[in-house]
Structure formats: C-alpha cells, structure tokens
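**Q** Let me give you the structure first, and then I'll get to my questions.
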Amino acid sequence: MKKLLCLPLLCGLAFAANFQIETEYRTNPLTRQSQGYFTITALDNNLVISDVIVNKGNCKNSFKGIAVMRAEMSGQSTSKPTITLDYGKYVELSAEGGCRILEIQIKSNKGDETYQF
C-alpha cells in the first residue's frame, strides 16, 4: 500500500463531487529540481475526463500524452483522447516546467470542476 507523506506546502488534498485530487512534489535526482505531480481519483463510476488544465493553462501537464497512450493501447481513436475512470480508479499526471500547482480544472462528462490548493 502506497503511503503519502505530506509536508506543509508540499502536497495538498482536494475533494469535490466527482473527483479527489492529491498533489505532491518530488525532486528529480538528475536535475535536482522539484516537479509537481497530481493524482485524480474517481468518486463516481464512468467518469470520462476530456481535459485537465493546470494554473489556468499556464502550466503544461501530461494529460494529453497519457490519454493518447491509453487510447492506442486499447485500440481507440486518438483524435480526441479521453481517460475513463470508475469509482476508486485513478490516474497520476505531472505538471511540467517547474510549475507550482495552484489550480486544477477537470473537464469531464459530468461537467467541469475546479480545485484550488
């Protein structure tokens, strides 16, 4: 079982109707720079995530790459990649470019939700 150790200001936890979001920062041993990661856990069945926006679009993230990879592995179209999660399932994504994660917006089949940390 994975345990998450949270130090003040280094990780966060947010809940809303459909998702639970956990954030954490890890140091890359090669570059010695901190990188933000976030885990999206479904709190309902059949949640289809169509986009994830970090810091109002000012911070790139790994959603599109992960969604395309999953689509290719399952033989689905990659023209509009999505990630489908059932209750308790999760996906871990990363924020790129040394961004501090302040806000995450998730667009899904159940509507848009915004989380602030």
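Residues are named by chain letter and number: chains run A, B, ... in the order of the structure tokens, numbers start at 1 in each chain, and ligands are numbered from 1 in the order shown.
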Neighbours of Leu47 of chain A within 8 Å (only C-alpha atoms; same-chain residues fewer than 3 positions away dropped), as a list in words?

**A** Asn18, Ala42, Asp44, Thr84, Leu85, Asp86, Ser108, Asn109 and Lys110 of chain A

**Q** I need the residues in chain A that are helix (DSSP H, G or I) according to DSSP; give them as a list in words.

**A** Asn55, Lys56, Gly57, Phe63, Lys64, Gly65, Ile66, Ala67, Val68, Met69, Arg70, Ala71, Glu72, Met73 and Ser74 of chain A

**Q** Can you pull out every residue within 12 Å of Thr78 of chain A, counting only C-alpha atoms, but drop anything in the same chain fewer than 2 positions away, and send it as a VMD selection string?

**A** chain A and resid 50 64 to 76 80 to 83

**Q** Mind dumping the selected residues with N, CA and C atoms as a PDB file, in the first residue's frame?

**A**
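Okay, selection_21.pdb is ready:
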ATOM      1  N   SER A  50     -12.020  14.662 -20.339  1.00  0.00           N
ATOM      2  CA  SER A  50     -11.662  15.098 -21.691  1.00  0.00           C
ATOM      3  C   SER A  50     -10.512  16.092 -21.702  1.00  0.00           C
ATOM      4  N   LYS A  64      -2.596  14.902 -22.070  1.00  0.00           N
ATOM      5  CA  LYS A  64      -2.764  14.501 -23.477  1.00  0.00           C
ATOM      6  C   LYS A  64      -1.896  13.288 -23.815  1.00  0.00           C
ATOM      7  N   GLY A  65      -0.645  13.284 -23.380  1.00  0.00           N
ATOM      8  CA  GLY A  65       0.244  12.163 -23.658  1.00  0.00           C
ATOM      9  C   GLY A  65      -0.258  10.858 -23.044  1.00  0.00           C
ATOM     10  N   ILE A  66      -0.718  10.921 -21.807  1.00  0.00           N
ATOM     11  CA  ILE A  66      -1.229   9.721 -21.125  1.00  0.00           C
ATOM     12  C   ILE A  66      -2.514   9.249 -21.811  1.00  0.00           C
ATOM     13  N   ALA A  67      -3.411  10.187 -22.158  1.00  0.00           N
ATOM     14  CA  ALA A  67      -4.678   9.826 -22.791  1.00  0.00           C
ATOM     15  C   ALA A  67      -4.447   9.176 -24.157  1.00  0.00           C
ATOM     16  N   VAL A  68      -3.507   9.722 -24.942  1.00  0.00           N
ATOM     17  CA  VAL A  68      -3.206   9.146 -26.253  1.00  0.00           C
ATOM     18  C   VAL A  68      -2.619   7.746 -26.089  1.00  0.00           C
ATOM     19  N   MET A  69      -1.705   7.583 -25.153  1.00  0.00           N
ATOM     20  CA  MET A  69      -1.086   6.277 -24.928  1.00  0.00           C
ATOM     21  C   MET A  69      -2.134   5.227 -24.539  1.00  0.00           C
ATOM     22  N   ARG A  70      -3.056   5.599 -23.643  1.00  0.00           N
ATOM     23  CA  ARG A  70      -4.115   4.660 -23.242  1.00  0.00           C
ATOM     24  C   ARG A  70      -5.022   4.315 -24.414  1.00  0.00           C
ATOM     25  N   ALA A  71      -5.339   5.324 -25.247  1.00  0.00           N
ATOM     26  CA  ALA A  71      -6.207   5.084 -26.409  1.00  0.00           C
ATOM     27  C   ALA A  71      -5.537   4.136 -27.394  1.00  0.00           C
ATOM     28  N   GLU A  72      -4.261   4.354 -27.653  1.00  0.00           N
ATOM     29  CA  GLU A  72      -3.532   3.481 -28.581  1.00  0.00           C
ATOM     30  C   GLU A  72      -3.478   2.047 -28.067  1.00  0.00           C
ATOM     31  N   MET A  73      -3.260   1.885 -26.769  1.00  0.00           N
ATOM     32  CA  MET A  73      -3.163   0.541 -26.182  1.00  0.00           C
ATOM     33  C   MET A  73      -4.490  -0.213 -26.249  1.00  0.00           C
ATOM     34  N   SER A  74      -5.597   0.532 -26.190  1.00  0.00           N
ATOM     35  CA  SER A  74      -6.909  -0.123 -26.223  1.00  0.00           C
ATOM     36  C   SER A  74      -7.532  -0.123 -27.617  1.00  0.00           C
ATOM     37  N   GLY A  75      -6.813   0.391 -28.627  1.00  0.00           N
ATOM     38  CA  GLY A  75      -7.310   0.387 -29.998  1.00  0.00           C
ATOM     39  C   GLY A  75      -8.353   1.444 -30.286  1.00  0.00           C
ATOM     40  N   GLN A  76      -8.451   2.485 -29.450  1.00  0.00           N
ATOM     41  CA  GLN A  76      -9.429   3.556 -29.650  1.00  0.00           C
ATOM     42  C   GLN A  76      -8.821   4.682 -30.477  1.00  0.00           C
ATOM     43  N   LYS A  80      -9.491  12.623 -30.307  1.00  0.00           N
ATOM     44  CA  LYS A  80      -9.908  13.369 -29.111  1.00  0.00           C
ATOM     45  C   LYS A  80      -9.728  12.433 -27.917  1.00  0.00           C
ATOM     46  N   PRO A  81      -8.486  12.296 -27.438  1.00  0.00           N
ATOM     47  CA  PRO A  81      -8.222  11.322 -26.381  1.00  0.00           C
ATOM     48  C   PRO A  81      -8.890  11.689 -25.057  1.00  0.00           C
ATOM     49  N   THR A  82      -9.377  10.679 -24.371  1.00  0.00           N
ATOM     50  CA  THR A  82     -10.006  10.848 -23.069  1.00  0.00           C
ATOM     51  C   THR A  82      -9.459   9.780 -22.123  1.00  0.00           C
ATOM     52  N   ILE A  83      -9.715   9.975 -20.844  1.00  0.00           N
ATOM     53  CA  ILE A  83      -9.386   8.970 -19.837  1.00  0.00           C
ATOM     54  C   ILE A  83     -10.668   8.653 -19.088  1.00  0.00           C
TER      55      ILE A  83
END

**Q** List the neighbours of segment 112-116 of chain A out to 6 Å using only C-alpha atoms; skip same-chain residues closer than 4 positions along the sequence, and give me the result as a ChimeraX atom specification.

**A** /A:102-107

**Q** When you count only C-alpha atoms, which of these residues is closest to Phe63 of chain A: A:Asn28, A:Thr39, A:Ile101, A:Tyr87?

**A**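 Closest residue, counting only C-alpha atoms: A:Thr39.
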
**Q** Out of chain A, which residues get strand (DSSP E) from DSSP, as a count of residues only?

**A** 50

**Q** Out of A:Val48, A:Leu30, A:Leu43, A:Cys59, which residue has the shortest atom-to-atom distance to Gly98 of chain A when counting only C-alpha atoms?

**A**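 Closest to Gly98 of chain A of all the choices is A:Cys59.
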
**Q** Quick one: distance from atom CA of Tyr90 of chain A to atom CA of Ser34 of chain A in Å, one decimal?

**A**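 Between atom CA of Tyr90 of chain A and atom CA of Ser34 of chain A the gap is 22.5 Å.
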
**Q** Could you please determine the separation between atom CA of Glu24 of chain A and atom CA of Asn55 of chain A in Å, to one decimal place?

**A**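 For atom CA of Glu24 of chain A relative to atom CA of Asn55 of chain A, the distance reads 15.3 Å.
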
**Q** Taking only C-alpha atoms into account, name the residue in A:Gln20, A:Ser94, A:Ser79, A:Asn61 that is nearest to Ile40 of chain A.

**A** A:Gln20
